[in-house]
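> Please read through the structure below; I'll follow up with questions.
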Amino acid sequence: MNSIHNFPKLLLPLLAAVILLLAPACQRDKQKFNTDNLPPIKGEVMAKLTVAPEVPPRIQAKTNTKVIVHLEIVEQVMRLADGVEYNFWTFGGVVPGKFIRVRQGDLVEFHLHNHPDNMFPHNIDLHAVTGPGGGAEATLIAPGKSAQFSFRALNEGLYVYHCATAPVGMHIANGMYGLILVEPLAGMSPVDHEFYVMQSEFYTSGRFGERGLQEFDMQKALDENPDYVVMNGAVGASAGENAMQVKVGETVRLFLGNGGPNLVSSFHAIGEIFDKVYIEGGSMYTENVQTTLIPAGGSAIVEFKCEVPGTLHLVDHSIFRAFNKGAIAQIKVIGEENHDVFSGKEKETVYLPEGSAIQKVGERKDASEEVVSERTLEERLEKGESLYKQNCLACHMDQGKGVIGVFPPLNNSDFLQARDDKGFGIIVNGLQGEIVVNGTSYNNIMPAMHMSDDNIASVMTYIFTELNNGGGLINAADVRQWREKNK
Ligand code: HEC
Ligand SMILES: [Cu+2]
C-alpha cells in the first residue's frame, strides 16, 4: 500500500499549506501599494543616468523620494559598424537610451526634451508607468519643446521604455529605447558588478557591413528581416576593447533588455551558467539556466559568479544573429586559472580510426580529374561559382563582400591581387595572422581547404573574373605547378 494513503486525512491540507508557504521562496518579498494610502515622499534627488554598459549606483535613501529625470532626445549620425553609419534617434544621445534607476514607491518627475536640431516629434512610453500610454500622450513634443509629467513607481521590476510616436516601429527601429529599473523597496542583494546590455535590430538599405551612411529600410522592417542584430546599439559596442571587465570570483548582475522592434532574444552567455534569472524582469526567479527568452519590449535580470578566467560571449542564441549580424557582447574575466573547474585543452592528438581508408583526409579524388585535361572559361566559372558557395561563402559572404573586421572581402581584394601565387597558397595552407585588405586590418584564421587542383582552378577563376580581381582563366596545371614548386 502506498504510504500516502496511510496519512491521516487531516494532515494532508496541512501539508499543502506548508508547501504553499514554502513556494514563494523563489520570490522576493513583494510589497503591493494601497494606492489610497501611498507612502510619504521625502526630499528630492536628481537621477543619475548612465550609458550602457554602466548602471547607476544602488539607491541609498531610506525613504521614498521624488526622483527628477531629465532625458534629451537627439537625432544624430553615429557608428553602426566599422565603416557603417546610421542616423540614430536617441534618448540621451546614445543607443540604447540612458539607464534610469528609481525605487518602488518613488515619485518620478519626468522631463523629456526634444532637441531643437531634431527633425521629428517624439515622446516616451515607459513600461514602468501605470497610466495612459505609459506617458506617451503626456510627452508628445515637437523639436525645440520640453514636456513634463509625474508618475508613482508602483511595481518593482526592470522595464523597457521607448518612443511611441507614429510610425512607432520606425522610431523604435531607429534606436529609441532603453531601460528603467524600479528597485524593490528592500533593495537588491549586493553584487560586485552590475551591467546594462540591450539587444535590438537595425534595418538598413545596404546589407550587413555595406559601407557608408545607411538609411532605414521599411520593407525589411515589415518583413522582420534585419541586417543587424546588435548588443548595446552597434556591432562590437560592448566587445573587444569595449568589453566589460570583471575578476575571477566576482559576482555579476546583468540588466538585460530587448528593444526589438521585432525579434525575440534567446539570451545566452557562452561559457557561463546563470545562477539566477529574474524571468522577464519581474519578481520571480529561477535557477541554473542556460538560455533565457527576452521578449521584444521586455527584459530579464540574470546573476552569476565568474569562477574561471576567460572571455564570456553574450549572444542571442539564434546564432546567425550573433556571428553574422553583430549580436555579441563580451565580459572579460581576469584572474587565476582554476583547473578543478575547467582544465583547458589537455592534449591534442591525431585521430586515425583503425582499419578504415580514412587516411586520405579531405576531398576524395574525383575519378574524372585524372583524365580531364582542362576546362573552358565558361565551365570554370560555372563550377567555380558553385564551389564558392559550398566552400567559401559561409565566411567570405555573398559576392565576396566579407564581414568587416572578421572575414576579409574577396571582391576586388588588393591583398589577393598583390600575391603572385593567385591565392593557391591560402587555400592549400590556410592563413592566419594580421593582414590588411582594402585598408581594413584582419587578424583571424582561415583553415586549410583540402581541394583538388581542378577545383582550386575553378574557384579562383570565378573569384578573379566574377569578383572583380582582374579576371583570367586559371588552369589545374597552374595549381599543380605551384604545388610542385612549394613542396
Ligand atoms: C571558416 C571561414 C573561411 C572559409 C570557409 C574561407 N575563408 Fe578565406 N579567409 C578567412 C579568414 C578569417 C581570412 C583572413 C585570415 C587572416 O586574418 O590572416 C581569410 C582570407 C582569405 C584570403 C586573403 C584575404 C583576401 O581577402 O583576399 C583569400 C584570398 C581567401 N581567404 C580565399 C578563400 C577561398 C577561395 C575560400 C573558399 C575556397 C575561403 N577563403 C574560405 C576565412 C575563411
Ligand atoms: Cu520618436
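Letters for chains follow the order of the C-alpha cells (A, B, ...), residue numbers begin at 1 for each chain, and ligand numbers begin at 1 in the order shown.
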Report as a PyMOL selection string all protein, DNA and RNA residues lying within 10 Å of range 130-134 of chain A, evaluated on only C-alpha atoms, omitting residues in the same chain fewer than 2 positions from it.

chain A and resi 124-128+136-139+151-155+161-162+164

> Select the residues contacting ligand 1 at a distance of at most 7 Å, based on only C-alpha atoms and all ligand atoms, then format the selection as a ChimeraX atom specification.

/A:388,391-396,406-410,413-416,423,426-427,431-435,437,442-447,449,459-460

> Could you turn the residues from that selection into a file that holds N, CA and C atoms, as an mmCIF file, in the first residue's frame?


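Saved result, result31.cif, follows:
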data_model
loop_
_atom_site.group_PDB
_atom_site.id
_atom_site.type_symbol
_atom_site.label_atom_id
_atom_site.label_comp_id
_atom_site.auth_asym_id
_atom_site.auth_seq_id
_atom_site.Cartn_x
_atom_site.Cartn_y
_atom_site.Cartn_z
ATOM 1 N N TYR A 388 32.409 28.027 -54.834
ATOM 2 C CA TYR A 388 32.485 29.183 -53.947
ATOM 3 C C TYR A 388 31.365 29.105 -52.905
ATOM 4 N N ASN A 391 32.131 26.261 -50.365
ATOM 5 C CA ASN A 391 33.354 26.262 -49.566
ATOM 6 C C ASN A 391 33.764 27.618 -48.992
ATOM 7 N N CYS A 392 33.344 28.689 -49.576
ATOM 8 C CA CYS A 392 33.874 29.999 -49.180
ATOM 9 C C CYS A 392 32.798 30.943 -48.643
ATOM 10 N N LEU A 393 31.586 30.808 -49.161
ATOM 11 C CA LEU A 393 30.518 31.771 -48.876
ATOM 12 C C LEU A 393 30.214 31.950 -47.386
ATOM 13 N N ALA A 394 30.305 30.844 -46.622
ATOM 14 C CA ALA A 394 29.940 30.908 -45.205
ATOM 15 C C ALA A 394 30.746 31.984 -44.482
ATOM 16 N N CYS A 395 31.996 32.191 -44.910
ATOM 17 C CA CYS A 395 32.813 33.216 -44.251
ATOM 18 C C CYS A 395 32.933 34.476 -45.111
ATOM 19 N N HIS A 396 33.229 34.292 -46.389
ATOM 20 C CA HIS A 396 33.507 35.476 -47.213
ATOM 21 C C HIS A 396 32.243 36.123 -47.769
ATOM 22 N N VAL A 406 36.212 40.899 -39.678
ATOM 23 C CA VAL A 406 36.209 39.485 -39.306
ATOM 24 C C VAL A 406 36.658 38.603 -40.481
ATOM 25 N N PHE A 407 35.916 38.653 -41.576
ATOM 26 C CA PHE A 407 36.278 37.901 -42.773
ATOM 27 C C PHE A 407 36.558 38.885 -43.899
ATOM 28 N N PRO A 408 37.772 38.882 -44.444
ATOM 29 C CA PRO A 408 38.116 39.898 -45.447
ATOM 30 C C PRO A 408 37.349 39.701 -46.753
ATOM 31 N N PRO A 409 37.142 40.776 -47.488
ATOM 32 C CA PRO A 409 36.436 40.663 -48.766
ATOM 33 C C PRO A 409 37.307 39.966 -49.808
ATOM 34 N N LEU A 410 36.665 39.196 -50.679
ATOM 35 C CA LEU A 410 37.380 38.636 -51.833
ATOM 36 C C LEU A 410 37.026 39.444 -53.079
ATOM 37 N N SER A 413 39.872 42.501 -54.051
ATOM 38 C CA SER A 413 40.784 42.474 -52.909
ATOM 39 C C SER A 413 42.197 42.851 -53.350
ATOM 40 N N ASP A 414 42.690 43.982 -52.848
ATOM 41 C CA ASP A 414 44.063 44.396 -53.213
ATOM 42 C C ASP A 414 45.078 43.385 -52.682
ATOM 43 N N PHE A 415 44.734 42.741 -51.565
ATOM 44 C CA PHE A 415 45.635 41.762 -50.953
ATOM 45 C C PHE A 415 45.807 40.543 -51.873
ATOM 46 N N LEU A 416 44.681 40.058 -52.397
ATOM 47 C CA LEU A 416 44.721 38.896 -53.288
ATOM 48 C C LEU A 416 45.430 39.247 -54.594
ATOM 49 N N GLY A 423 46.601 33.169 -54.836
ATOM 50 C CA GLY A 423 45.794 32.714 -53.705
ATOM 51 C C GLY A 423 45.832 31.219 -53.452
ATOM 52 N N ILE A 426 46.891 30.182 -49.999
ATOM 53 C CA ILE A 426 45.928 30.445 -48.925
ATOM 54 C C ILE A 426 44.951 29.278 -48.807
ATOM 55 N N ILE A 427 44.492 28.779 -49.951
ATOM 56 C CA ILE A 427 43.546 27.663 -49.911
ATOM 57 C C ILE A 427 44.240 26.391 -49.409
ATOM 58 N N LEU A 431 45.457 30.451 -43.682
ATOM 59 C CA LEU A 431 46.096 31.749 -43.481
ATOM 60 C C LEU A 431 45.764 32.227 -42.081
ATOM 61 N N GLN A 432 46.781 32.720 -41.373
ATOM 62 C CA GLN A 432 46.478 33.385 -40.103
ATOM 63 C C GLN A 432 47.465 34.482 -39.810
ATOM 64 N N GLY A 433 47.102 35.339 -38.883
ATOM 65 C CA GLY A 433 47.932 36.496 -38.537
ATOM 66 C C GLY A 433 47.335 37.738 -39.154
ATOM 67 N N GLU A 434 47.946 38.874 -38.846
ATOM 68 C CA GLU A 434 47.353 40.128 -39.278
ATOM 69 C C GLU A 434 47.602 40.393 -40.761
ATOM 70 N N ILE A 435 46.556 40.737 -41.469
ATOM 71 C CA ILE A 435 46.675 41.155 -42.865
ATOM 72 C C ILE A 435 45.821 42.410 -43.058
ATOM 73 N N VAL A 437 43.390 44.238 -45.860
ATOM 74 C CA VAL A 437 42.703 44.095 -47.142
ATOM 75 C C VAL A 437 41.869 45.343 -47.389
ATOM 76 N N TYR A 442 42.714 42.660 -40.603
ATOM 77 C CA TYR A 442 42.066 41.428 -40.157
ATOM 78 C C TYR A 442 43.100 40.610 -39.415
ATOM 79 N N ASN A 443 42.680 39.967 -38.322
ATOM 80 C CA ASN A 443 43.603 39.089 -37.617
ATOM 81 C C ASN A 443 42.786 37.892 -37.154
ATOM 82 N N ASN A 444 42.685 36.922 -38.045
ATOM 83 C CA ASN A 444 41.762 35.823 -37.817
ATOM 84 C C ASN A 444 42.391 34.587 -38.448
ATOM 85 N N ILE A 445 41.692 33.483 -38.451
ATOM 86 C CA ILE A 445 42.269 32.254 -39.004
ATOM 87 C C ILE A 445 41.389 31.709 -40.121
ATOM 88 N N MET A 446 41.994 31.446 -41.254
ATOM 89 C CA MET A 446 41.304 30.703 -42.299
ATOM 90 C C MET A 446 41.907 29.299 -42.340
ATOM 91 N N PRO A 447 41.058 28.262 -42.220
ATOM 92 C CA PRO A 447 41.589 26.891 -42.230
ATOM 93 C C PRO A 447 42.044 26.484 -43.627
ATOM 94 N N MET A 449 42.065 24.232 -46.947
ATOM 95 C CA MET A 449 40.792 23.791 -47.515
ATOM 96 C C MET A 449 40.721 22.392 -48.151
ATOM 97 N N VAL A 459 37.497 27.627 -58.650
ATOM 98 C CA VAL A 459 37.022 28.629 -57.701
ATOM 99 C C VAL A 459 37.828 29.922 -57.845
ATOM 100 N N MET A 460 39.126 29.807 -58.134
ATOM 101 C CA MET A 460 39.920 31.026 -58.276
ATOM 102 C C MET A 460 39.612 31.734 -59.604
#

> What's the 9 Å shell around Phe195 in chain A, counting only C-alpha atoms, without same-chain residues fewer than 6 positions away, as a PyMOL selection string?

chain A and resi 52-55+244+252-256

> Excluding Phe464 in chain A and residues on its chain fewer than 5 positions from it, collect all residues at most 12 Å away from it, counting only C-alpha atoms, and give them as a list in words.

Leu377, Arg380, Leu381, Gly384, Glu385, Tyr388, Gln399, Gly400, Leu410, Asn411, Asn412, Ser413, Asp414, Leu416, Gln417, Lys422, Gly423, Ile456, Ala457, Ser458, Val459, Asn469, Gly470, Gly471, Gly472, Leu473 and Ile474 of chain A

> Show me which residues sit within 6 Å of ligand 2 when counting only C-alpha atoms and all ligand atoms, and put them as a list in words.

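With only C-alpha atoms and all ligand atoms and a cut-off of 6 Å, ligand 2 is contacted by His122, Asn123, Cys163, Thr165 and His171 of chain A.
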
> Using only C-alpha atoms, which protein or nucleic acid residues come within 8 Å of range 114-121 of chain A? Drop anything in the same chain fewer than 5 positions from it, and give the result as an MDAnalysis selection string.

chainID A and resid 72:75 140:146 165

> Would you work out the distance separating CA of Val51 in chain A from CA of Gly92 in chain A, expressed in Å to one decimal?

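Taking CA of Val51 in chain A as the start and CA of Gly92 in chain A as the end point, the length is 8.6 Å.
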
> Would you return as a PyMOL selection string the members of range 20-150 of chain A that DSSP assigns to strand (DSSP E or B) on this structure's backbone?

chain A and resi 27+44-46+50+66-81+84-91+99-103+107-114+122+125-126+141+146-150

> From a DSSP calculation on the backbone, collect every residue of range 109-215 of chain A in alpha helix (DSSP H) and output the set as an NGL selection string.

:A and (136-139 or 168-173)

> Tell me, as number ranges by chain, which residues lie within 10 Å of Asp192 in chain A, counting only C-alpha atoms; anything in the same chain fewer than 5 positions away does not count.

A: 246-247, 249-253, 305

> When you look at Lys332 in chain A with a cut-off of 7 Å (counting only C-alpha atoms), what residues show up, excluding the ones that are within fewer than 6 positions of it in the same chain? I need them as a PDB file with C-alpha atoms, in the first residue's frame.


ATOM      1  CA  ALA A 243      34.273  44.524 -23.293  1.00  0.00           C
ATOM      2  CA  MET A 244      33.020  44.596 -19.715  1.00  0.00           C
ATOM      3  CA  GLN A 245      35.687  43.515 -17.233  1.00  0.00           C
ATOM      4  CA  VAL A 246      35.452  41.540 -14.001  1.00  0.00           C
ATOM      5  CA  GLY A 310      38.357  33.861 -19.997  1.00  0.00           C
ATOM      6  CA  THR A 311      36.019  35.802 -22.233  1.00  0.00           C
ATOM      7  CA  LEU A 312      32.285  35.257 -21.919  1.00  0.00           C
TER       8      LEU A 312
END

> Rank A:Val333, A:Ala234, A:Met176, A:Ile404 by their smallest atom-to-atom distance to Gly260 in chain A, using only C-alpha atoms, and report the top residue only.

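Among the listed residues, the smallest separation from Gly260 in chain A belongs to A:Met176.
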